[in-house]
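Asks: Structure file protein17.cif (mmCIF, C-alpha atoms) right here:
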```cif
data_model
#
loop_
_atom_site.label_atom_id
_atom_site.label_comp_id
_atom_site.auth_asym_id
_atom_site.auth_seq_id
_atom_site.Cartn_x
_atom_site.Cartn_y
_atom_site.Cartn_z
CA MET A 22 0.00 0.00 0.00
CA GLN A 23 1.92 2.97 -1.31
CA ASP A 24 0.19 5.86 0.50
CA SER A 25 0.35 4.21 3.91
CA ALA A 26 4.13 4.11 3.58
CA LEU A 27 4.08 7.92 3.74
CA LEU A 28 2.56 7.83 7.22
CA PRO A 29 4.91 7.85 10.23
CA PRO A 30 5.11 4.83 12.51
CA PRO A 31 2.15 4.61 14.99
CA SER A 32 4.38 5.32 17.94
CA GLU A 33 5.41 8.62 16.35
CA ALA A 34 1.95 9.69 15.17
CA PHE A 35 1.34 12.05 18.11
CA SER A 36 4.88 12.78 19.37
CA ASN A 37 6.15 16.31 18.63
CA VAL A 38 3.40 16.95 16.04
CA ASN A 39 1.82 20.41 15.84
CA ASP A 40 -1.67 21.14 14.56
CA GLU A 41 -0.49 21.80 11.00
CA GLN A 42 1.43 18.56 10.82
CA GLN A 43 -1.52 16.73 12.42
CA GLU A 44 -3.82 18.10 9.72
CA ILE A 45 -1.43 16.94 6.98
CA LEU A 46 -1.32 13.53 8.57
CA ALA A 47 -5.12 13.37 8.86
CA ARG A 48 -5.62 14.42 5.23
CA ARG A 49 -3.25 11.69 4.11
CA VAL A 50 -5.36 9.21 6.06
CA LEU A 51 -8.58 10.55 4.53
CA GLU A 52 -7.07 10.44 1.06
CA GLU A 53 -5.89 6.88 1.53
CA ILE A 54 -9.33 5.80 2.81
CA ALA A 55 -10.99 7.50 -0.19
CA THR A 56 -8.65 5.94 -2.78
CA VAL A 57 -7.71 2.56 -1.30
CA GLY A 58 -10.46 1.86 1.20
CA THR A 59 -10.16 0.03 4.49
CA GLY A 60 -8.65 -3.30 3.56
CA PRO A 61 -7.44 -5.90 6.05
CA ASP A 62 -3.94 -4.35 6.10
CA VAL A 63 -5.19 -0.91 7.13
CA PRO A 64 -4.37 -0.09 10.80
CA LEU A 65 -7.83 1.14 11.75
CA ASP A 66 -7.02 1.82 15.39
CA GLU A 67 -4.19 4.19 14.42
CA TYR A 68 -6.35 5.88 11.80
CA ILE A 69 -9.07 6.41 14.40
CA LYS A 70 -6.56 8.06 16.76
CA ILE A 71 -5.25 10.34 14.02
CA LEU A 72 -8.71 11.41 12.83
CA ALA A 73 -10.00 11.86 16.38
CA GLU A 74 -7.13 14.27 17.08
CA TYR A 75 -7.80 16.09 13.82
CA ARG A 76 -11.50 16.42 14.71
CA ARG A 77 -10.46 18.06 18.00
CA ILE A 78 -8.34 20.52 16.01
CA CYS A 79 -11.30 21.30 13.74
CA GLU A 80 -13.53 21.86 16.78
CA ASN A 81 -10.97 24.30 18.23
CA ARG A 82 -10.77 26.14 14.90
CA GLY A 83 -14.55 26.27 14.54
CA SER A 84 -14.42 24.16 11.36
CA TYR A 85 -17.54 22.28 12.28
CA LYS A 86 -18.36 21.00 8.79
CA GLU A 87 -14.88 19.51 8.54
CA ALA A 88 -15.32 18.08 12.04
CA GLU A 89 -18.68 16.58 11.02
CA LEU A 90 -17.06 14.97 7.96
CA VAL A 91 -14.25 13.54 10.07
CA ASN A 92 -16.79 12.36 12.66
CA HIS A 93 -18.69 10.52 9.93
CA VAL A 94 -15.48 8.83 8.76
CA LEU A 95 -14.67 7.93 12.36
CA ALA A 96 -18.07 6.28 12.74
CA GLN A 97 -17.44 4.23 9.59
CA LEU A 98 -13.97 3.21 10.81
CA ARG A 99 -15.40 2.18 14.18
CA LEU A 100 -18.03 0.09 12.41
CA GLU A 101 -15.41 -1.45 10.13
CA GLU A 102 -13.18 -2.34 13.07
CA GLU A 103 -16.11 -3.93 14.89
CA ASN A 104 -17.02 -5.90 11.75
CA ARG A 105 -13.45 -7.09 11.56
CA HIS A 106 -13.62 -8.18 15.16
CA VAL A 107 -16.89 -10.09 14.64
CA SER A 108 -15.63 -11.73 11.42
CA ALA A 109 -12.33 -12.68 13.04
CA LEU A 110 -14.18 -14.07 16.05
CA ALA A 111 -16.49 -16.13 13.82
CA GLN A 112 -13.52 -17.40 11.81
CA GLN A 113 -11.57 -18.28 14.92
CA GLN A 114 -14.49 -20.15 16.46
CA GLU A 115 -14.93 -22.05 13.20
CA ASN A 116 -11.20 -22.91 13.28
CA GLU A 117 -11.54 -24.07 16.88
CA ARG A 118 -14.47 -26.33 15.99
CA ARG A 119 -12.68 -27.66 12.91
CA GLY A 120 -9.50 -28.19 14.89
CA LEU A 121 -11.43 -30.06 17.56
CA GLU A 122 -13.09 -32.24 14.91
CA GLU A 123 -9.76 -32.97 13.16
CA ALA A 124 -8.06 -33.80 16.45
CA HIS A 125 -10.95 -36.13 17.33
CA MET A 126 -10.72 -37.90 13.96
CA LEU A 127 -6.97 -38.29 14.41
CA GLU A 128 -7.48 -39.75 17.87
CA PHE A 129 -10.22 -42.03 16.52
CA GLN A 130 -7.93 -43.29 13.73
CA ASN A 131 -5.15 -43.90 16.23
CA PHE A 132 -7.63 -45.73 18.47
CA ASN A 133 -8.65 -48.05 15.62
CA HIS A 134 -5.04 -48.63 14.63
CA VAL A 135 -3.98 -49.59 18.17
CA TRP A 136 -6.96 -51.86 18.77
CA ASN A 137 -6.71 -53.54 15.36
CA GLU A 138 -3.10 -54.37 16.18
CA LYS A 139 -4.12 -55.79 19.57
CA ILE A 140 -6.78 -58.02 18.01
CA ASP A 141 -4.44 -59.11 15.19
CA GLN A 142 -1.77 -60.05 17.72
CA PHE A 143 -4.32 -61.97 19.79
CA GLU A 144 -5.58 -63.91 16.76
CA GLU A 145 -2.01 -64.68 15.70
CA HIS A 146 -1.28 -65.96 19.21
CA GLN A 147 -4.46 -68.06 19.04
CA LEU A 148 -3.35 -69.66 15.76
CA ASP A 149 0.14 -70.36 17.16
CA CYS A 150 -1.31 -72.03 20.25
CA GLU A 151 -3.69 -74.14 18.17
CA ALA A 152 -0.92 -75.18 15.78
CA ALA A 153 1.33 -76.15 18.71
CA MET A 154 -1.45 -78.24 20.27
CA LEU A 155 -2.26 -80.00 16.99
CA GLU A 156 1.44 -80.81 16.51
CA ARG A 157 1.67 -82.24 20.03
CA HIS A 158 -1.45 -84.34 19.45
CA SER A 159 -0.06 -85.62 16.17
CA MET A 160 3.23 -86.66 17.81
CA GLU A 161 1.39 -88.41 20.64
CA LEU A 162 -0.78 -90.35 18.19
CA ALA A 163 2.26 -91.30 16.09
CA GLU A 164 4.02 -92.66 19.19
CA PHE A 165 0.93 -94.71 20.05
CA HIS A 166 0.76 -96.17 16.53
CA ALA A 167 4.46 -97.01 16.67
CA GLU A 168 3.89 -98.78 19.98
CA ILE A 169 1.03 -100.97 18.76
CA SER A 170 2.74 -101.75 15.47
CA GLY A 171 5.79 -103.18 17.24
CA GLY A 172 4.42 -106.70 16.77
CA VAL A 173 2.64 -109.32 18.83
CA PRO A 174 4.46 -110.25 22.03
CA ASN A 175 6.24 -113.65 21.94
CA ARG A 176 4.58 -114.91 25.10
CA HIS A 177 0.82 -115.35 25.20
CA LYS A 178 -1.44 -116.51 27.94
CA PHE A 179 -3.13 -119.64 26.54
CA SER A 180 -5.98 -121.55 28.10
CA LYS A 181 -5.42 -124.37 30.61
CA GLU A 182 -7.02 -126.84 28.22
CA LEU A 183 -4.50 -125.99 25.49
CA LEU A 184 -1.60 -126.30 27.88
CA ASN A 185 -2.85 -129.74 29.00
CA LEU A 186 -3.08 -130.87 25.37
CA ARG A 187 0.51 -129.84 24.81
CA LYS A 188 1.57 -131.83 27.84
CA VAL A 189 -0.32 -134.89 26.54
CA GLN A 190 1.29 -134.35 23.16
CA ASP A 191 4.77 -134.30 24.70
CA THR A 192 4.02 -137.37 26.83
CA LEU A 193 2.79 -139.44 23.83
CA ALA A 194 5.76 -138.37 21.77
CA LYS A 195 8.18 -139.47 24.50
CA ALA A 196 6.34 -142.78 24.73
CA LYS A 197 6.95 -143.29 20.98
CA ASN A 198 3.17 -143.19 20.42
CA TYR A 199 3.53 -140.94 17.41
CA SER A 200 0.13 -141.62 15.90
CA ASP A 201 -1.78 -140.45 18.98
CA ALA A 202 0.72 -137.64 19.52
CA HIS A 203 0.04 -136.40 15.99
CA LYS A 204 -3.71 -136.42 16.58
CA VAL A 205 -3.34 -134.53 19.83
CA LYS A 206 -0.97 -132.08 18.12
CA LEU A 207 -3.49 -131.31 15.36
CA LYS A 208 -6.18 -130.68 17.96
CA ALA A 209 -3.84 -128.47 20.01
CA ASP A 210 -2.67 -126.53 16.93
CA LYS A 211 -6.26 -125.82 15.95
CA MET A 212 -7.07 -124.69 19.47
CA GLU A 213 -3.93 -122.50 19.60
CA ALA A 214 -4.80 -120.86 16.28
CA MET A 215 -8.25 -120.05 17.57
CA GLU A 216 -6.85 -118.63 20.82
CA LEU A 217 -4.22 -116.59 18.96
CA GLU A 218 -6.93 -115.18 16.73
CA LYS A 219 -8.96 -114.24 19.80
CA ILE A 220 -5.91 -112.71 21.51
CA THR A 221 -5.16 -110.66 18.38
CA ARG A 222 -8.78 -109.57 18.09
CA ASP A 223 -8.94 -108.59 21.76
CA ARG A 224 -5.69 -106.68 21.51
CA ALA A 225 -6.90 -104.81 18.39
CA GLU A 226 -10.13 -103.94 20.15
CA LYS A 227 -8.17 -102.72 23.17
CA TYR A 228 -5.88 -100.56 21.02
CA SER A 229 -8.88 -99.21 19.13
CA LYS A 230 -10.51 -98.13 22.38
CA GLN A 231 -7.26 -96.57 23.55
CA GLU A 232 -6.93 -94.68 20.28
CA ALA A 233 -10.54 -93.48 20.52
CA THR A 234 -9.87 -92.30 24.08
CA ILE A 235 -6.76 -90.43 22.94
CA LEU A 236 -8.62 -88.80 20.04
CA GLN A 237 -11.50 -87.80 22.32
CA ARG A 238 -9.06 -86.25 24.79
CA HIS A 239 -7.40 -84.35 21.93
CA ARG A 240 -10.75 -83.01 20.75
CA SER A 241 -11.67 -81.95 24.29
CA GLU A 242 -8.35 -80.17 24.79
CA LEU A 243 -8.66 -78.38 21.45
CA MET A 244 -12.25 -77.35 22.14
CA ALA A 245 -11.37 -76.11 25.63
CA MET A 246 -8.49 -74.05 24.25
CA ARG A 247 -10.70 -72.53 21.54
CA LYS A 248 -13.32 -71.60 24.14
CA ARG A 249 -10.64 -69.92 26.26
CA MET A 250 -9.41 -68.00 23.24
CA GLU A 251 -12.95 -67.01 22.31
CA ARG A 252 -13.54 -65.68 25.83
CA GLY A 253 -10.29 -63.76 25.63
CA LYS A 254 -11.31 -62.22 22.30
CA MET A 255 -14.73 -61.28 23.69
CA GLU A 256 -13.03 -59.57 26.64
CA LEU A 257 -10.87 -57.64 24.19
CA GLU A 258 -13.94 -56.57 22.23
CA ARG A 259 -15.69 -55.44 25.43
CA ALA A 260 -12.63 -53.46 26.48
CA ARG A 261 -12.47 -51.88 23.02
CA LYS A 262 -16.15 -50.94 23.13
CA LYS A 263 -15.80 -49.43 26.61
CA GLU A 264 -12.75 -47.39 25.62
CA LEU A 265 -14.49 -46.21 22.44
CA GLU A 266 -17.50 -45.07 24.46
CA MET A 267 -15.18 -43.15 26.79
CA LEU A 268 -13.40 -41.56 23.81
CA LEU A 269 -16.70 -40.46 22.21
CA GLN A 270 -18.07 -39.20 25.54
CA ARG A 271 -14.88 -37.22 26.15
CA TYR A 272 -15.20 -35.69 22.68
CA GLN A 273 -18.84 -34.74 23.28
CA ASN A 274 -17.94 -33.18 26.65
CA VAL A 275 -15.15 -31.09 25.12
CA LYS A 276 -17.38 -30.15 22.17
CA ARG A 277 -20.19 -29.01 24.48
CA GLY A 278 -17.70 -27.09 26.59
CA LEU A 279 -16.26 -25.37 23.54
CA GLN A 280 -19.69 -24.54 22.14
CA GLY A 281 -20.81 -23.17 25.50
CA GLN A 282 -17.72 -20.98 25.80
CA GLN A 283 -18.11 -19.75 22.22
CA ASN A 284 -21.78 -18.94 22.79
CA ILE A 285 -20.87 -16.94 25.91
CA ILE A 286 -18.23 -15.02 23.98
CA LYS A 287 -20.59 -14.31 21.07
CA ALA A 288 -23.40 -13.21 23.37
CA LYS A 289 -21.18 -10.91 25.45
CA THR A 290 -19.50 -9.58 22.34
CA GLY A 291 -22.88 -8.71 20.87
CA ASN A 292 -24.02 -7.05 24.09
CA ILE A 293 -20.86 -4.94 24.37
CA LEU A 294 -21.06 -3.87 20.71
CA LEU A 295 -24.74 -2.99 21.11
CA LYS A 296 -24.07 -0.87 24.22
CA HIS A 297 -21.04 0.74 22.63
CA ALA A 298 -23.02 1.69 19.50
CA HIS A 299 -25.00 4.17 21.63
CA ASN A 300 -21.91 5.59 23.34
CA LYS A 301 -21.12 8.92 21.70
CA LYS A 302 -18.55 9.97 24.27
CA THR A 303 -15.65 7.94 22.88
CA ASP A 304 -14.02 7.44 19.52
CA CYS A 305 -12.82 3.97 20.41
CA SER A 306 -14.54 1.14 18.58
CA GLY A 307 -16.50 -1.63 20.26
CA SER A 308 -13.49 -3.90 19.67
CA THR A 309 -11.44 -1.80 22.05
CA ALA A 310 -14.17 -2.06 24.68
CA ILE A 311 -14.26 -5.82 24.17
CA ASN A 312 -10.50 -6.11 24.63
CA VAL A 313 -10.71 -4.08 27.84
CA SER A 314 -13.52 -6.30 29.06
CA MET A 315 -11.43 -9.40 28.37
CA GLY A 316 -8.69 -8.07 30.60
CA THR A 317 -11.11 -7.38 33.45
CA GLY A 318 -12.63 -10.87 33.33
CA THR A 319 -16.04 -9.97 31.91
CA PHE A 320 -15.82 -12.97 29.59
CA GLY A 321 -14.79 -15.29 32.41
CA PRO A 322 -11.37 -16.42 33.69
CA LEU A 323 -10.52 -18.07 30.37
CA MET A 324 -10.76 -14.84 28.41
CA VAL A 325 -8.40 -12.92 30.73
CA LYS A 326 -5.56 -14.89 29.20
CA ARG A 327 -6.78 -14.40 25.62
CA ARG A 328 -5.33 -11.70 23.38
CA PRO A 329 -7.54 -9.49 21.18
CA VAL A 330 -9.07 -11.25 18.20
CA GLU A 331 -7.00 -10.92 15.04
CA ALA A 332 -7.19 -12.57 11.67
CA ALA A 333 -4.70 -15.26 12.58
CA ALA A 334 -6.26 -18.68 13.25
CA PRO A 335 -5.39 -20.54 16.46
CA ALA A 336 -3.77 -23.93 16.68
CA PRO A 337 -6.31 -26.80 16.70
CA PRO A 338 -7.27 -27.81 20.26
CA SER A 339 -6.74 -31.35 21.48
CA PRO A 340 -9.98 -33.37 21.83
CA ARG A 341 -8.83 -34.42 25.29
CA ALA A 342 -8.37 -30.83 26.51
CA PRO A 343 -11.08 -29.39 28.79
CA ALA A 344 -12.71 -26.12 27.86
CA SER A 345 -10.42 -24.22 30.23
CA GLU A 346 -7.36 -25.36 28.25
CA LEU A 347 -8.57 -24.34 24.79
CA PRO A 348 -6.10 -22.15 22.85
CA PRO A 349 -6.30 -18.37 23.34
CA ILE A 350 -7.97 -16.14 20.78
CA GLN A 351 -5.35 -14.83 18.43
#
```
Could I get this structure in the form of structure tokens?

Replies:
Amino acid sequence: MQDSALLPPPSEAFSNVNDEQQEILARRVLEEIATVGTGPDVPLDEYIKILAEYRRICENRGSYKEAELVNHVLAQLRLEEENRHVSALAQQQENERRGLEEAHMLEFQNFNHVWNEKIDQFEEHQLDCEAAMLERHSMELAEFHAEISGGVPNRHKFSKELLNLRKVQDTLAKAKNYSDAHKVKLKADKMEAMELEKITRDRAEKYSKQEATILQRHRSELMAMRKRMERGKMELERARKKELEMLLQRYQNVKRGLQGQQNIIKAKTGNILLKHAHNKKTDCSGSTAINVSMGTGTFGPLMVKRRPVEAAAPAPPSPRAPASELPPIQ
């Protein structure tokens, strides 16, 4: 802005300046307002001070028409500064709400990421445990099969009748009665074959029952482990649901707190601007009155720490932060 560069720094606007120089300075301000307007880069508060001083000079000179013109410009500048304040306040509150929403979404994404990892790790652990149990069961069953396939024991418990026949057979053979010994031997061999078949059948039935018992125990162990894992996963899901409810409730609490604080600020800002609009005894804008009120605690203890509203947007608040820790108005 070329014309504003001709103006002295604000701190020097009223130091060692006589009425003639003050008039030149005021006319430069009026010319700049007429040609350029009151854009966002225009220092309205300094312009108001300069024109207010020039109006006083006009009053002392009796230049009342000039004073009325300057007074009209001052009213417009006051209105413009108040509009800036209201617009900046609305923009800041929108930034605060957007920042709160973005922080909440970031926290929600982090929540899902952490819990998805927990559940994935639990399911991986479940698969490892099940694989280890199945391998142990397989080895136990293989050892059992190796044991029963080792062959029929050499010694068998035959019946008393068969043992007696063998004794008779031996006795006849020693007595050289080979014909009767042969007959007895055939009878004994047939009886032994039948008993061996029964022994083999009984042993197979015994091993089959043992194998069925082993398999049933394996199934029970596997089912019990799966039930334990399922309970563990359900506990994880319940914990996740509870933590999610707490996260959402915390967000709603902070959101309500922020909205309540913003509504208080908007309401008190509107009230101060409305009262100040009827105050003809000062050239200060309603924004100045609002800033003074902030310092005295009219807006509550939070606003004492806040600086006057400017165009700069604040940093996004954390969704975990209570309303009293929201960032100051900048």

Asks: Here is a test: counting all atoms listed in the file, which residue of A:Ala111, A:Cys79, A:Ala202, A:Leu100 is nearest to Gln190 of chain A?

Replies: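 Nearest to Gln190 of chain A: A:Ala202.
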
Asks: Apply the PyMOL selection byres ((chain A and resi 114) around 9) to the displayed file and report the matching residues as a PDB file with C-alpha atoms, in the coordinates of the input.

Replies:
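The result, written out as part27.pdb:
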```pdb
ATOM      1  CA  ALA A 109     -12.330 -12.680  13.040  1.00  0.00           C
ATOM      2  CA  LEU A 110     -14.180 -14.070  16.050  1.00  0.00           C
ATOM      3  CA  ALA A 111     -16.490 -16.130  13.820  1.00  0.00           C
ATOM      4  CA  GLN A 112     -13.520 -17.400  11.810  1.00  0.00           C
ATOM      5  CA  GLN A 113     -11.570 -18.280  14.920  1.00  0.00           C
ATOM      6  CA  GLU A 115     -14.930 -22.050  13.200  1.00  0.00           C
ATOM      7  CA  ASN A 116     -11.200 -22.910  13.280  1.00  0.00           C
ATOM      8  CA  GLU A 117     -11.540 -24.070  16.880  1.00  0.00           C
ATOM      9  CA  ARG A 118     -14.470 -26.330  15.990  1.00  0.00           C
ATOM     10  CA  ARG A 119     -12.680 -27.660  12.910  1.00  0.00           C
ATOM     11  CA  LEU A 279     -16.260 -25.370  23.540  1.00  0.00           C
ATOM     12  CA  GLN A 280     -19.690 -24.540  22.140  1.00  0.00           C
ATOM     13  CA  GLN A 283     -18.110 -19.750  22.220  1.00  0.00           C
ATOM     14  CA  ALA A 334      -6.260 -18.680  13.250  1.00  0.00           C
ATOM     15  CA  ILE A 350      -7.970 -16.140  20.780  1.00  0.00           C
TER      16      ILE A 350
END
```

Asks: Rounded to one decimal in Å, what is the spacing between atom CA of Arg76 of chain A and atom CA of Thr59 of chain A?

Replies: 19.4 Å

Asks: Pull out every residue that the PyMOL selection byres ((chain A and resi 184) around 12) matches in the shown coordinates and put them as number ranges by chain.

Replies: A: 177-183, 185-191, 205-206, 208-210, 212-213, 216

Asks: Give as JSON, numbers by chain the residues that the PyMOL selection byres ((chain A and resi 243) around 12) matches when applied to the coordinates above.

Replies: {"A": [147, 148, 150, 151, 152, 153, 154, 155, 156, 157, 158, 236, 237, 238, 239, 240, 241, 242, 244, 245, 246, 247, 248, 249, 250]}

Asks: For Lys139 of chain A, which residue out of A:Leu193, A:Ala47, A:Ala260, A:Ile286 is the nearest one, using only C-alpha atoms?

Replies: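 Closest residue, counting only C-alpha atoms: A:Ala260.
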
Asks: One number please: atom CA of Leu269 of chain A to atom CA of Lys254 of chain A, in Å, one decimal.

Replies: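 Atom-to-atom, atom CA of Leu269 of chain A and atom CA of Lys254 of chain A are spaced 22.4 Å apart.
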
Asks: When distances are computed from all atoms listed in the file, which of A:His203, A:Lys287, A:His93, A:Lys227 shows the smallest separation from Ser108 of chain A?

Replies: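 Closest candidate: A:Lys287.
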
Asks: Go ahead and compute the interatomic distance for atom CA of Gln42 of chain A and atom CA of Glu101 of chain A, in Å to one decimal.

Replies: 26.2 Å

Asks: Choose the residue, out of A:Leu121, A:Leu98, A:Leu217, A:Leu265, that has the smallest atom-to-atom separation from Gly278 of chain A; count all atoms listed in the file.

Replies: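 Of the candidates, the smallest distance to Gly278 of chain A is held by A:Leu121.
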
Asks: Determine the nearest neighbour of Arg261 of chain A from the options A:Asn81, A:Asn133, A:Thr192, A:Gln231, counting only C-alpha atoms.

Replies: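 Counting only C-alpha atoms, the residue closest to Arg261 of chain A is A:Asn133.
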